file model14.txt (compact mmCIF, C-alpha atoms)
# COMPACT_ATOMS: atom_id res chain seq x y z
CA MET Q 1 105.48 10.70 145.51
CA SER Q 2 102.02 10.34 144.01
CA ASN Q 3 101.41 13.97 144.91
CA VAL Q 4 104.46 14.98 142.89
CA ASN Q 5 103.23 12.89 139.95
CA ASN Q 6 99.80 14.47 140.25
CA ASN Q 7 101.30 17.96 140.23
CA THR Q 8 103.38 17.16 137.16
CA ARG Q 9 100.34 15.66 135.50
CA TYR Q 10 98.36 18.85 136.02
CA GLN Q 11 101.16 20.89 134.45
CA ASN Q 12 100.76 18.95 131.23
CA PRO Q 13 98.62 21.19 128.95
CA GLU Q 14 97.10 18.15 127.22
CA VAL Q 15 95.72 16.96 130.56
CA PHE Q 16 94.70 20.16 132.26
CA GLU Q 17 93.24 21.90 129.21
CA GLN Q 18 90.85 18.99 128.66
CA LEU Q 19 89.88 19.00 132.35
CA ALA Q 20 89.47 22.78 132.27
CA ILE Q 21 87.13 22.70 129.27
CA GLU Q 22 85.07 19.90 130.84
CA TYR Q 23 84.79 21.95 134.03
CA ALA Q 24 83.83 25.09 132.11
CA VAL Q 25 81.05 23.46 130.11
CA GLY Q 26 79.67 21.82 133.24
CA SER Q 27 80.23 18.21 132.27
CA MET Q 28 82.68 17.52 135.13
CA GLN Q 29 80.76 16.25 138.10
CA GLY Q 30 80.90 14.73 141.54
CA ARG Q 31 84.23 13.98 143.19
CA ALA Q 32 86.23 14.77 140.05
CA LYS Q 33 84.78 18.29 140.12
CA LYS Q 34 85.62 18.77 143.82
CA ARG Q 35 89.17 17.49 143.27
CA PHE Q 36 89.62 19.87 140.36
CA GLU Q 37 88.27 22.81 142.38
CA ALA Q 38 90.83 22.06 145.13
CA LEU Q 39 93.61 21.98 142.52
CA MET Q 40 92.47 25.30 141.08
CA ASP Q 41 93.04 26.88 144.50
CA THR Q 42 96.70 25.86 144.46
CA HIS Q 43 97.60 26.12 140.75
CA PHE Q 44 96.52 29.50 139.48
CA TYR Q 45 97.22 28.65 135.84
CA LEU Q 46 94.41 26.06 136.08
CA ARG Q 47 92.08 28.82 137.27
CA ALA Q 48 93.26 31.03 134.39
CA VAL Q 49 92.58 28.33 131.79
CA VAL Q 50 89.16 27.57 133.26
CA ASP Q 51 88.35 31.29 133.27
CA ALA Q 52 89.28 31.52 129.60
CA TYR Q 53 87.07 28.56 128.64
CA GLU Q 54 84.22 29.76 130.87
CA ASN Q 55 84.41 33.09 129.07
CA LYS Q 56 84.21 31.30 125.73
CA PHE Q 57 81.14 29.23 126.62
CA ALA Q 58 79.45 32.10 128.43
CA ASN Q 59 78.93 33.68 125.01
CA LEU Q 60 76.15 31.12 124.58
CA VAL Q 61 73.95 33.31 126.77
CA GLU Q 62 73.56 35.69 123.83
CA LEU Q 63 71.56 33.09 121.91
CA LEU Q 64 68.86 32.80 124.57
CA PRO Q 65 65.49 34.48 124.11
CA ASP Q 66 64.78 37.23 126.65
CA ALA Q 67 62.74 36.40 129.75
CA GLN Q 68 61.66 39.21 132.05
CA PRO Q 69 62.05 38.56 135.78
CA SER Q 70 59.39 39.92 138.13
CA ASN Q 71 59.85 43.39 139.63
CA GLN Q 72 60.28 41.79 143.04
CA VAL Q 73 63.75 40.49 142.10
CA TRP Q 74 65.19 43.99 141.71
CA LYS Q 75 63.40 45.18 144.86
CA ASN Q 76 65.03 42.36 146.83
CA ILE Q 77 68.46 43.11 145.37
CA GLU Q 78 68.06 46.81 146.19
CA SER Q 79 67.00 46.05 149.78
CA HIS Q 80 69.99 43.77 150.21
CA ILE Q 81 72.37 46.50 149.01
CA GLN Q 82 70.78 49.13 151.28
CA ALA Q 83 70.94 46.78 154.27
CA SER Q 84 74.57 45.84 153.66
CA ASN Q 85 75.52 49.52 153.18
CA THR Q 86 73.97 50.37 156.55
CA ASN Q 87 75.76 47.46 158.22
CA THR Q 88 79.06 48.45 156.68
CA VAL Q 89 78.77 52.02 157.97
CA GLU Q 90 77.93 50.76 161.45
CA GLU Q 91 80.60 48.08 161.47
CA ARG Q 92 83.35 50.19 160.02
CA SER Q 93 83.62 53.05 162.48
CA PRO Q 94 87.24 54.28 162.24
CA TRP Q 95 89.61 52.27 164.39
CA TRP Q 96 91.08 55.37 166.02
CA GLN Q 97 87.66 56.27 167.37
CA THR Q 98 87.19 53.03 169.30
CA ASN Q 99 87.15 53.27 173.10
CA PHE Q 100 90.43 51.39 173.25
CA PHE Q 101 92.19 54.13 171.34
CA LYS Q 102 90.27 56.99 172.99
CA GLN Q 103 91.59 55.78 176.33
CA GLY Q 104 95.15 56.10 175.07
CA PHE Q 105 96.08 52.45 175.32
CA GLY Q 106 95.92 51.76 171.64
CA ILE Q 107 98.97 53.52 170.28
CA SER Q 108 101.44 51.91 172.65
CA ALA Q 109 99.82 48.51 172.22
CA MET Q 110 99.95 48.82 168.45
CA ALA Q 111 103.61 49.91 168.55
CA LEU Q 112 104.41 46.83 170.60
CA VAL Q 113 102.59 44.52 168.19
CA VAL Q 114 104.27 46.04 165.13
CA SER Q 115 107.71 45.83 166.77
CA ALA Q 116 107.10 42.23 167.77
CA VAL Q 117 106.07 41.26 164.26
CA LEU Q 118 109.04 43.01 162.66
CA LEU Q 119 111.67 41.81 165.13
CA LEU Q 120 110.53 38.29 165.80
CA ASN Q 121 109.20 37.17 162.48
CA PRO Q 122 110.21 39.48 159.66
CA MET Q 123 109.83 36.81 156.95
CA THR Q 124 106.07 36.52 157.46
CA VAL Q 125 105.34 40.21 156.80
CA THR Q 126 103.12 40.43 153.75
CA PRO Q 127 104.39 42.63 150.94
CA THR Q 128 102.33 45.63 149.90
CA THR Q 129 104.01 46.30 146.57
CA TYR Q 130 105.73 44.23 143.91
CA ALA Q 131 107.80 45.71 141.09
CA ALA Q 132 109.70 44.63 137.99
CA VAL Q 133 111.87 46.37 135.43
CA LEU Q 134 111.13 44.95 132.01
CA GLU Q 135 114.01 44.75 129.59
CA SER Q 136 114.37 44.13 125.88
CA ASP Q 137 116.45 41.27 124.40
CA SER Q 138 119.44 43.59 124.41
CA ASN Q 139 119.01 44.19 128.17
CA VAL Q 140 117.78 47.77 127.79
CA ALA Q 141 115.30 48.78 130.52
CA MET Q 142 112.10 49.66 128.63
CA ALA Q 143 109.26 49.59 131.17
CA VAL Q 144 108.52 49.54 134.89
CA THR Q 145 105.71 47.53 136.41
CA LYS Q 146 104.32 48.09 139.89
CA ILE Q 147 101.60 46.06 141.60
CA LYS Q 148 100.15 47.80 144.63
CA LYS Q 149 97.86 46.32 147.24
CA SER Q 150 96.67 49.77 148.40
CA ASP Q 151 94.59 50.36 145.26
CA MET Q 152 94.73 46.80 143.85
CA THR Q 153 96.26 48.09 140.66
CA LEU Q 154 98.94 46.82 138.34
CA SER Q 155 100.61 49.63 136.43
CA VAL Q 156 102.95 49.38 133.46
CA ASP Q 157 104.92 52.47 132.49
CA ILE Q 158 106.51 52.23 129.03
CA MET Q 159 109.55 54.50 129.24
CA LYS Q 160 111.09 54.03 125.79
CA LYS Q 161 109.46 53.79 122.40
CA VAL Q 162 108.34 50.27 121.54
CA HIS Q 163 107.85 49.58 117.82
CA VAL Q 164 104.54 47.83 117.25
CA ALA Q 165 102.64 47.61 113.95
CA ASP Q 166 99.13 49.14 113.84
CA ASN Q 167 97.44 45.75 113.69
CA MET Q 168 99.33 44.45 116.72
CA GLU Q 169 99.07 45.11 120.45
CA LEU Q 170 101.02 44.43 123.64
CA THR Q 171 99.85 41.89 126.23
CA LEU Q 172 101.21 41.45 129.75
CA TRP Q 173 101.71 37.98 131.28
CA CYS Q 174 102.67 36.72 134.75
CA HIS Q 175 104.62 33.47 134.73
CA PRO Q 176 104.54 31.28 137.87
CA LYS Q 177 107.86 30.62 139.64
CA GLY Q 178 107.35 26.86 139.51
CA GLY Q 179 106.61 26.76 135.76
CA GLY Q 180 103.25 26.08 134.14
CA MET Q 181 100.80 28.26 132.24
CA PRO Q 182 101.12 32.05 132.59
CA MET Q 183 98.33 34.29 133.83
CA LYS Q 184 97.20 36.89 131.29
CA MET Q 185 96.88 40.35 132.86
CA GLY Q 186 95.61 42.35 129.89
CA VAL Q 187 96.45 44.59 126.96
CA ILE Q 188 99.07 47.30 127.55
CA SER Q 189 99.22 50.66 125.84
CA LYS Q 190 102.17 51.06 123.44
CA THR Q 191 103.12 54.34 125.10
CA GLY Q 192 102.82 55.88 128.57
CA LYS Q 193 101.16 54.29 131.55
CA THR Q 194 98.51 51.57 131.67
CA ASN Q 195 96.63 50.74 134.87
CA ILE Q 196 94.94 47.37 135.26
CA LYS Q 197 92.66 46.62 138.19
CA ILE Q 198 93.45 43.28 139.79
CA SER Q 199 91.24 41.05 141.93
CA LYS Q 200 92.05 39.83 145.45
CA LYS Q 201 92.77 36.40 144.04
CA GLU Q 202 95.22 37.85 141.52
CA TRP Q 203 96.94 39.82 144.28
CA GLN Q 204 97.32 36.65 146.34
CA ASN Q 205 98.79 34.86 143.31
CA MET Q 206 101.52 37.51 142.93
CA LYS Q 207 103.63 35.86 145.64
CA ASP Q 208 104.03 32.86 143.29
CA VAL Q 209 104.88 34.91 140.20
CA GLY Q 210 108.47 34.89 138.93
CA LEU Q 211 108.72 36.46 135.51
CA LEU Q 212 106.65 39.24 133.94
CA ALA Q 213 106.62 39.33 130.15
CA ILE Q 214 105.07 41.50 127.45
CA SER Q 215 104.26 39.78 124.18
CA ILE Q 216 103.20 41.23 120.87
CA GLU Q 217 99.86 39.86 119.63
CA HIS Q 218 97.40 40.36 116.80
CA LYS Q 219 94.72 42.93 117.71
CA GLY Q 220 91.26 41.67 118.55
CA ASN Q 221 92.30 38.05 119.10
CA ASN Q 222 93.17 38.75 122.67
CA THR Q 223 90.33 37.78 125.00
CA SER Q 224 90.59 34.08 124.24
CA MET Q 225 94.35 33.56 124.47
CA MET Q 226 95.66 31.46 127.31
CA LYS Q 227 99.36 31.78 126.52
CA PRO Q 228 101.47 34.15 124.40
CA ASN Q 229 101.16 33.41 120.70
CA GLY Q 230 103.52 36.16 119.56
CA LYS Q 231 107.09 37.17 120.31
CA ILE Q 232 108.09 38.16 123.85
CA LEU Q 233 109.32 41.75 123.54
CA LEU Q 234 110.12 42.63 127.16
CA LYS Q 235 110.61 40.66 130.34
CA GLY Q 236 111.76 41.06 133.93
CA GLN Q 237 111.72 39.35 137.32
CA LEU Q 238 109.03 40.40 139.77
CA SER Q 239 110.29 41.19 143.25
CA THR Q 240 108.94 42.56 146.50
CA ALA Q 241 109.22 46.34 146.63
CA GLY Q 242 107.43 47.24 149.83
CA LEU Q 243 106.56 45.57 153.14
CA MET S 1 82.71 44.59 118.90
CA GLU S 2 82.54 47.12 121.72
CA ASP S 3 81.68 45.74 125.15
CA ILE S 4 78.55 47.76 125.85
CA TYR S 5 78.22 46.67 129.49
CA ALA S 6 81.87 46.95 130.60
CA GLU S 7 81.58 50.60 131.60
CA LEU S 8 78.44 49.96 133.67
CA LEU S 9 80.13 47.04 135.41
CA GLN S 10 83.24 49.11 136.15
CA LYS S 11 81.06 51.88 137.61
CA THR S 12 79.28 49.22 139.66
CA ALA S 13 82.67 48.19 141.06
CA GLN S 14 83.05 51.77 142.32
CA GLY S 15 79.71 51.54 144.15
CA ASP S 16 77.58 53.39 141.56
CA GLN S 17 74.08 52.05 142.26
CA LEU S 18 72.49 53.81 139.28
CA ALA S 19 74.94 52.13 136.93
CA PHE S 20 74.19 48.79 138.61
CA LYS S 21 70.45 49.30 138.15
CA LYS S 22 70.93 50.06 134.46
CA LEU S 23 73.18 47.03 134.11
CA TYR S 24 70.45 44.91 135.73
CA GLU S 25 67.75 46.32 133.46
CA GLU S 26 69.81 45.68 130.34
CA THR S 27 71.14 42.21 131.12
CA SER S 28 68.61 40.53 133.41
CA PRO S 29 66.30 39.26 130.60
CA LYS S 30 69.10 37.16 129.05
CA LEU S 31 70.40 36.02 132.43
CA MET S 32 66.88 35.18 133.66
CA SER S 33 66.47 33.06 130.54
CA LEU S 34 69.67 31.17 131.47
CA CYS S 35 68.45 30.72 135.08
CA LEU S 36 65.08 29.37 133.88
CA ARG S 37 66.80 26.68 131.86
CA LEU S 38 69.14 25.70 134.66
CA MET S 39 66.61 25.78 137.48
CA ARG S 40 63.41 24.74 135.58
CA THR S 41 61.01 26.73 137.77
CA GLU S 42 60.41 30.44 137.84
CA ALA S 43 60.72 30.75 141.61
CA LEU S 44 64.11 29.01 141.74
CA ALA S 45 65.31 30.91 138.67
CA GLU S 46 64.45 34.24 140.31
CA ASP S 47 66.23 33.17 143.51
CA VAL S 48 69.40 32.39 141.57
CA LEU S 49 69.15 35.57 139.51
CA GLN S 50 68.80 37.62 142.69
CA GLU S 51 71.70 35.90 144.49
CA GLY S 52 73.78 36.11 141.32
CA PHE S 53 73.26 39.85 140.89
CA ILE S 54 74.11 40.42 144.57
CA LYS S 55 77.39 38.58 143.91
CA VAL S 56 77.95 40.74 140.80
CA TRP S 57 77.49 43.83 142.99
CA GLU S 58 79.91 42.52 145.60
CA LYS S 59 82.55 41.14 143.21
CA ALA S 60 82.37 43.64 140.33
CA ASP S 61 85.96 44.69 141.07
CA SER S 62 87.12 41.21 139.99
CA PHE S 63 86.04 41.92 136.41
CA THR S 64 89.00 42.67 134.14
CA PRO S 65 87.90 44.09 130.76
CA GLY S 66 90.96 42.74 128.87
CA LYS S 67 90.07 39.17 129.82
CA GLY S 68 86.53 38.98 128.52
CA ARG S 69 83.21 40.80 128.09
CA ALA S 70 81.04 42.01 130.96
CA LEU S 71 78.02 39.91 129.94
CA THR S 72 80.06 36.71 129.75
CA TRP S 73 81.66 37.44 133.14
CA MET S 74 78.22 38.03 134.70
CA SER S 75 76.69 34.95 133.12
CA THR S 76 79.57 32.83 134.50
CA VAL S 77 79.00 34.25 137.99
CA ILE S 78 75.25 33.63 137.80
CA ARG S 79 75.51 30.20 136.15
CA ASN S 80 77.95 29.02 138.84
CA LYS S 81 75.44 30.19 141.47
CA GLY S 82 72.75 28.19 139.68
CA LEU S 83 74.91 25.06 139.43
CA ASP S 84 75.68 25.22 143.17
CA LYS S 85 71.99 25.52 143.94
CA LEU S 86 71.10 22.75 141.52
CA ARG S 87 73.69 20.50 143.15
CA SER S 88 72.21 21.09 146.60
CA LEU S 89 68.65 20.52 145.33
CA LYS S 90 69.57 17.26 143.62
CA THR S 91 70.48 15.75 146.96
CA LYS S 92 66.81 16.20 147.94
CA ALA S 93 63.79 14.87 146.11
CA ALA S 94 63.52 16.18 142.55
CA GLU S 95 61.02 18.97 142.91
CA THR S 96 61.53 20.53 139.52
CA GLU S 97 58.81 20.84 136.94
CA ILE S 98 60.48 20.68 133.55
CA GLN S 99 59.12 23.72 131.80
CA TYR S 100 61.99 24.81 129.64
CA GLU S 101 63.34 22.35 127.10
CA GLY S 102 64.90 22.30 123.66
CA LEU S 103 67.71 24.07 121.88
CA GLU S 104 65.80 25.84 119.08
CA PHE S 105 67.29 29.17 120.14
CA ALA S 106 70.80 27.75 119.48
CA SER S 107 69.86 26.34 116.09
CA THR S 108 72.50 26.43 113.38
CA ASP S 109 69.94 27.88 110.92
CA LEU S 110 69.49 31.30 112.52
CA GLN S 111 67.88 33.95 110.36
CA PRO S 112 70.10 36.82 109.14
CA ASP S 113 68.11 39.23 111.34
CA ASN S 114 69.05 37.24 114.45
CA LEU S 115 72.66 36.87 113.37
CA GLU S 116 73.08 40.61 112.98
CA ASP S 117 72.70 41.22 116.72
CA LEU S 118 75.21 38.59 117.75
CA SER S 119 78.81 39.36 118.75
CA GLN S 120 81.80 38.02 116.84
CA ASP S 121 82.64 35.95 119.91
CA VAL S 122 79.39 33.98 119.83
CA LYS S 123 79.53 33.61 116.05
CA GLY S 124 83.04 32.14 116.44
CA LEU S 125 81.85 29.77 119.15
CA MET S 126 78.89 28.63 117.03
CA ALA S 127 81.21 27.97 114.11
CA CYS S 128 83.33 25.75 116.40
CA LEU S 129 80.26 23.88 117.69
CA ASP S 130 78.99 23.39 114.15
CA LYS S 131 82.06 21.27 113.41
CA LEU S 132 80.82 18.63 115.85
CA LYS S 133 78.47 15.74 115.15
CA PRO S 134 74.87 16.73 116.01
CA ASP S 135 74.72 14.39 119.05
CA GLN S 136 77.96 15.75 120.48
CA ARG S 137 76.82 19.32 119.94
CA GLU S 138 73.46 18.60 121.58
CA CYS S 139 75.09 16.98 124.65
CA ILE S 140 77.46 19.91 125.16
CA LEU S 141 74.73 22.53 124.77
CA LEU S 142 72.37 20.64 127.09
CA SER S 143 75.16 20.43 129.71
CA TYR S 144 75.76 24.15 129.41
CA TYR S 145 72.22 25.50 129.28
CA TYR S 146 70.40 22.95 131.44
CA GLY S 147 73.21 21.76 133.73
CA HIS S 148 72.31 18.14 132.91
CA THR S 149 74.51 15.43 134.42
CA HIS S 150 75.79 12.55 132.27
CA GLN S 151 73.12 10.35 133.85
CA GLU S 152 70.34 12.80 132.98
CA LEU S 153 71.61 13.12 129.42
CA SER S 154 71.72 9.34 129.14
CA GLN S 155 68.05 9.10 130.18
CA LYS S 156 66.96 12.04 128.08
CA MET S 157 68.68 10.85 124.90
CA GLY S 158 68.07 7.14 125.48
CA LYS S 159 71.75 6.26 125.12
CA PRO S 160 74.10 4.33 127.42
CA LEU S 161 75.99 6.39 129.98
CA GLY S 162 79.36 5.41 128.45
CA THR S 163 78.26 6.68 125.05
CA ILE S 164 77.22 10.05 126.48
CA LYS S 165 80.52 10.43 128.36
CA ALA S 166 82.48 9.56 125.20
CA TRP S 167 80.44 11.99 123.05
CA ILE S 168 81.10 14.85 125.43
CA ARG S 169 84.78 14.04 125.98
CA ARG S 170 85.52 13.63 122.26
CA GLY S 171 83.37 16.62 121.35
CA LEU S 172 85.29 18.85 123.73
CA GLU S 173 88.60 17.44 122.50
CA ASP S 174 87.54 18.23 118.94
CA ILE S 175 86.53 21.84 119.54
CA ARG S 176 89.51 22.75 121.75
CA PRO S 177 91.81 23.74 118.87
CA CYS S 178 89.03 25.85 117.40
CA LEU S 179 88.46 27.69 120.68
CA THR S 180 92.07 28.65 121.43

call {"tool": "encode", "arguments": {"input": "model14.txt", "output": "structure tokens"}}
result
Amino acid sequence: MSNVNNNTRYQNPEVFEQLAIEYAVGSMQGRAKKRFEALMDTHFYLRAVVDAYENKFANLVELLPDAQPSNQVWKNIESHIQASNTNTVEERSPWWQTNFFKQGFGISAMALVVSAVLLLNPMTVTPTTYAAVLESDSNVAMAVTKIKKSDMTLSVDIMKKVHVADNMELTLWCHPKGGGMPMKMGVISKTGKTNIKISKKEWQNMKDVGLLAISIEHKGNNTSMMKPNGKILLKGQLSTAGL
Amino acid sequence: MEDIYAELLQKTAQGDQLAFKKLYEETSPKLMSLCLRLMRTEALAEDVLQEGFIKVWEKADSFTPGKGRALTWMSTVIRNKGLDKLRSLKTKAAETEIQYEGLEFASTDLQPDNLEDLSQDVKGLMACLDKLKPDQRECILLSYYYGHTHQELSQKMGKPLGTIKAWIRRGLEDIRPCLT
């Protein structure tokens, strides 16, 4: 019961926005900070709000006077990259070249595993693509959105002309199924296709997304917004398109 | 204002080491300055800068240009590295030599020459911070730049712990509407 109350409490913008700003500035400490970090892992809108405030405060770095690090720092970074590149090449020899597959056992074993997964437990198969058709208020299909794991890209294809004033722009939002703050995905071109790279965390969050929406916002005021300020022009339900 | 580092960071995400080197050359002086304030010693600051840039290299694909600027994304990554390190060091004996103090660089009376180079984002943030009482502003900036705990701020400013907590909480409440 207290867990339910806690969850509701953290969906109250008055509560979580204050916690998020305290976290972002660094004034949240100790157990409170650990508790909040655990909550951020389960409620992605908390993470989104913290990200937005962290971005705001991170501008303070501009005010600092320059300080030159020693040359050794870059040398160490470079060595680390070279070493990890070498390891990656060694570790990632193609799976079909492993001895297991060369000996001919691999294909039949893999077929068995795939069949077992599909037949015995189809509900646990992870989707590889999500899609949504975004419609206007008058239920006219205006845009198609696809989110693909293969290239970690979210694409929005505007199929019909959307009327937007020159000083305005379109912003895409993902709304969680269980309610709460949306996750801002970025600015969308008024015509044609827009591709937005997504992070692993954002991909994982897609399973909890219900509605996609495109709002119309004032240009230039976009990086700081945590929820749509303008009118929602298009919306549609996100669903699994590929397993 | 155009995000001058976004392209370099996006190329870094594609594994372009030359772009990453240029990004390091351009941004490391500001980020080193942040690390020095958080970590207090040059050796620790360089450790954090190094670990932070390795994380930038590994996680560059998480940067989304529409959600913020490249420099702010990088400084968040590096500052969080520094705070983690600071937290682990504070459990041991305090071995830090306080070398970097003060907030002169964030003064409200910046010269026009300095203001010219600043982005609209930081000017907006400074305008929000300027609405606070000087003590509240100082506490928030010291928390951000130096990673001071409430207890440390209480000692540093010679005020009771409860007062410091209230200053920060109310200060953040007050600037929230300005930030969003």

call {"tool": "interface_residues", "arguments": {"input": "model14.txt", "of": "chain Q", "to": "chain S", "cutoff": "9 Å", "atoms": "all atoms listed in the file", "output": "PDB file with C-alpha atoms, keeping the file's coordinate frame"}}
result
ATOM      1  CA  GLU Q  17      93.240  21.900 129.210  1.00  0.00           C
ATOM      2  CA  GLN Q  18      90.850  18.990 128.660  1.00  0.00           C
ATOM      3  CA  ILE Q  21      87.130  22.700 129.270  1.00  0.00           C
ATOM      4  CA  GLU Q  22      85.070  19.900 130.840  1.00  0.00           C
ATOM      5  CA  ALA Q  24      83.830  25.090 132.110  1.00  0.00           C
ATOM      6  CA  VAL Q  25      81.050  23.460 130.110  1.00  0.00           C
ATOM      7  CA  GLY Q  26      79.670  21.820 133.240  1.00  0.00           C
ATOM      8  CA  SER Q  27      80.230  18.210 132.270  1.00  0.00           C
ATOM      9  CA  MET Q  28      82.680  17.520 135.130  1.00  0.00           C
ATOM     10  CA  GLN Q  29      80.760  16.250 138.100  1.00  0.00           C
ATOM     11  CA  ASP Q  51      88.350  31.290 133.270  1.00  0.00           C
ATOM     12  CA  ALA Q  52      89.280  31.520 129.600  1.00  0.00           C
ATOM     13  CA  TYR Q  53      87.070  28.560 128.640  1.00  0.00           C
ATOM     14  CA  GLU Q  54      84.220  29.760 130.870  1.00  0.00           C
ATOM     15  CA  ASN Q  55      84.410  33.090 129.070  1.00  0.00           C
ATOM     16  CA  LYS Q  56      84.210  31.300 125.730  1.00  0.00           C
ATOM     17  CA  PHE Q  57      81.140  29.230 126.620  1.00  0.00           C
ATOM     18  CA  ALA Q  58      79.450  32.100 128.430  1.00  0.00           C
ATOM     19  CA  ASN Q  59      78.930  33.680 125.010  1.00  0.00           C
ATOM     20  CA  LEU Q  60      76.150  31.120 124.580  1.00  0.00           C
ATOM     21  CA  VAL Q  61      73.950  33.310 126.770  1.00  0.00           C
ATOM     22  CA  GLU Q  62      73.560  35.690 123.830  1.00  0.00           C
ATOM     23  CA  LEU Q  63      71.560  33.090 121.910  1.00  0.00           C
ATOM     24  CA  LEU Q  64      68.860  32.800 124.570  1.00  0.00           C
ATOM     25  CA  PRO Q  65      65.490  34.480 124.110  1.00  0.00           C
ATOM     26  CA  ASP Q  66      64.780  37.230 126.650  1.00  0.00           C
ATOM     27  CA  ALA Q  67      62.740  36.400 129.750  1.00  0.00           C
ATOM     28  CA  GLN Q  68      61.660  39.210 132.050  1.00  0.00           C
ATOM     29  CA  PRO Q  69      62.050  38.560 135.780  1.00  0.00           C
ATOM     30  CA  SER Q  70      59.390  39.920 138.130  1.00  0.00           C
ATOM     31  CA  VAL Q  73      63.750  40.490 142.100  1.00  0.00           C
ATOM     32  CA  TRP Q  74      65.190  43.990 141.710  1.00  0.00           C
ATOM     33  CA  ASN Q  76      65.030  42.360 146.830  1.00  0.00           C
ATOM     34  CA  ILE Q  77      68.460  43.110 145.370  1.00  0.00           C
ATOM     35  CA  GLU Q  78      68.060  46.810 146.190  1.00  0.00           C
ATOM     36  CA  HIS Q  80      69.990  43.770 150.210  1.00  0.00           C
ATOM     37  CA  ILE Q  81      72.370  46.500 149.010  1.00  0.00           C
ATOM     38  CA  LYS Q 184      97.200  36.890 131.290  1.00  0.00           C
ATOM     39  CA  MET Q 185      96.880  40.350 132.860  1.00  0.00           C
ATOM     40  CA  GLY Q 186      95.610  42.350 129.890  1.00  0.00           C
ATOM     41  CA  VAL Q 187      96.450  44.590 126.960  1.00  0.00           C
ATOM     42  CA  ILE Q 196      94.940  47.370 135.260  1.00  0.00           C
ATOM     43  CA  LYS Q 197      92.660  46.620 138.190  1.00  0.00           C
ATOM     44  CA  ILE Q 198      93.450  43.280 139.790  1.00  0.00           C
ATOM     45  CA  SER Q 199      91.240  41.050 141.930  1.00  0.00           C
ATOM     46  CA  LYS Q 200      92.050  39.830 145.450  1.00  0.00           C
ATOM     47  CA  LYS Q 201      92.770  36.400 144.040  1.00  0.00           C
ATOM     48  CA  GLU Q 202      95.220  37.850 141.520  1.00  0.00           C
ATOM     49  CA  ASN Q 222      93.170  38.750 122.670  1.00  0.00           C
ATOM     50  CA  THR Q 223      90.330  37.780 125.000  1.00  0.00           C
ATOM     51  CA  SER Q 224      90.590  34.080 124.240  1.00  0.00           C
ATOM     52  CA  MET Q 225      94.350  33.560 124.470  1.00  0.00           C
ATOM     53  CA  MET Q 226      95.660  31.460 127.310  1.00  0.00           C
TER      54      MET Q 226
END

call {"tool": "atom_distance", "arguments": {"input": "model14.txt", "atom1": "atom CA of Phe36 of chain Q", "atom2": "atom CA of Met157 of chain S"}}
result
27.5 Å

call {"tool": "closest_residue", "arguments": {"input": "model14.txt", "among": "Q:Met183, Q:Ala143, Q:Val15, Q:Val162", "to": "Tyr45 of chain Q", "atoms": "all atoms listed in the file"}}
result
Q:Met183

call {"tool": "atom_distance", "arguments": {"input": "model14.txt", "atom1": "atom CA of Leu129 of chain S", "atom2": "atom CA of Phe16 of chain Q"}}
result
20.8 Å

call {"tool": "atom_distance", "arguments": {"input": "model14.txt", "atom1": "atom CA of Lys235 of chain Q", "atom2": "atom CA of Val50 of chain Q"}}
result
25.3 Å

call {"tool": "closest_residue", "arguments": {"input": "model14.txt", "among": "Q:Asn195, Q:Ser136, Q:Lys207, Q:Ser150", "to": "Lys231 of chain Q", "atoms": "only C-alpha atoms"}}
result
Q:Ser136

call {"tool": "decode", "arguments": {"input": "model14.txt", "residues": "segment 121-148 of chain S", "atoms": "C-alpha atoms", "output": "PDB file, in the first residue's frame"}}
result
ATOM      1  CA  ASP S 121      21.358  29.380 -22.254  1.00  0.00           C
ATOM      2  CA  VAL S 122      23.882  30.434 -19.627  1.00  0.00           C
ATOM      3  CA  LYS S 123      22.730  34.060 -19.746  1.00  0.00           C
ATOM      4  CA  GLY S 124      19.172  32.820 -19.074  1.00  0.00           C
ATOM      5  CA  LEU S 125      20.365  30.664 -16.197  1.00  0.00           C
ATOM      6  CA  MET S 126      22.326  33.560 -14.670  1.00  0.00           C
ATOM      7  CA  ALA S 127      19.266  35.777 -14.907  1.00  0.00           C
ATOM      8  CA  CYS S 128      17.293  33.130 -12.967  1.00  0.00           C
ATOM      9  CA  LEU S 129      20.025  32.809 -10.316  1.00  0.00           C
ATOM     10  CA  ASP S 130      20.211  36.582  -9.966  1.00  0.00           C
ATOM     11  CA  LYS S 131      16.631  36.582  -8.703  1.00  0.00           C
ATOM     12  CA  LEU S 132      17.739  34.714  -5.581  1.00  0.00           C
ATOM     13  CA  LYS S 133      19.045  36.175  -2.338  1.00  0.00           C
ATOM     14  CA  PRO S 134      22.875  36.265  -2.373  1.00  0.00           C
ATOM     15  CA  ASP S 135      23.183  33.510   0.278  1.00  0.00           C
ATOM     16  CA  GLN S 136      20.837  31.186  -1.599  1.00  0.00           C
ATOM     17  CA  ARG S 137      22.664  31.820  -4.858  1.00  0.00           C
ATOM     18  CA  GLU S 138      26.039  31.179  -3.212  1.00  0.00           C
ATOM     19  CA  CYS S 139      24.869  27.878  -1.652  1.00  0.00           C
ATOM     20  CA  ILE S 140      23.500  26.590  -4.963  1.00  0.00           C
ATOM     21  CA  LEU S 141      26.616  27.558  -6.916  1.00  0.00           C
ATOM     22  CA  LEU S 142      28.923  26.059  -4.281  1.00  0.00           C
ATOM     23  CA  SER S 143      26.908  22.810  -4.404  1.00  0.00           C
ATOM     24  CA  TYR S 144      27.203  22.728  -8.173  1.00  0.00           C
ATOM     25  CA  TYR S 145      30.822  23.735  -8.695  1.00  0.00           C
ATOM     26  CA  TYR S 146      32.423  22.289  -5.556  1.00  0.00           C
ATOM     27  CA  GLY S 147      30.066  19.388  -4.772  1.00  0.00           C
ATOM     28  CA  HIS S 148      29.796  20.617  -1.172  1.00  0.00           C
TER      29      HIS S 148
END
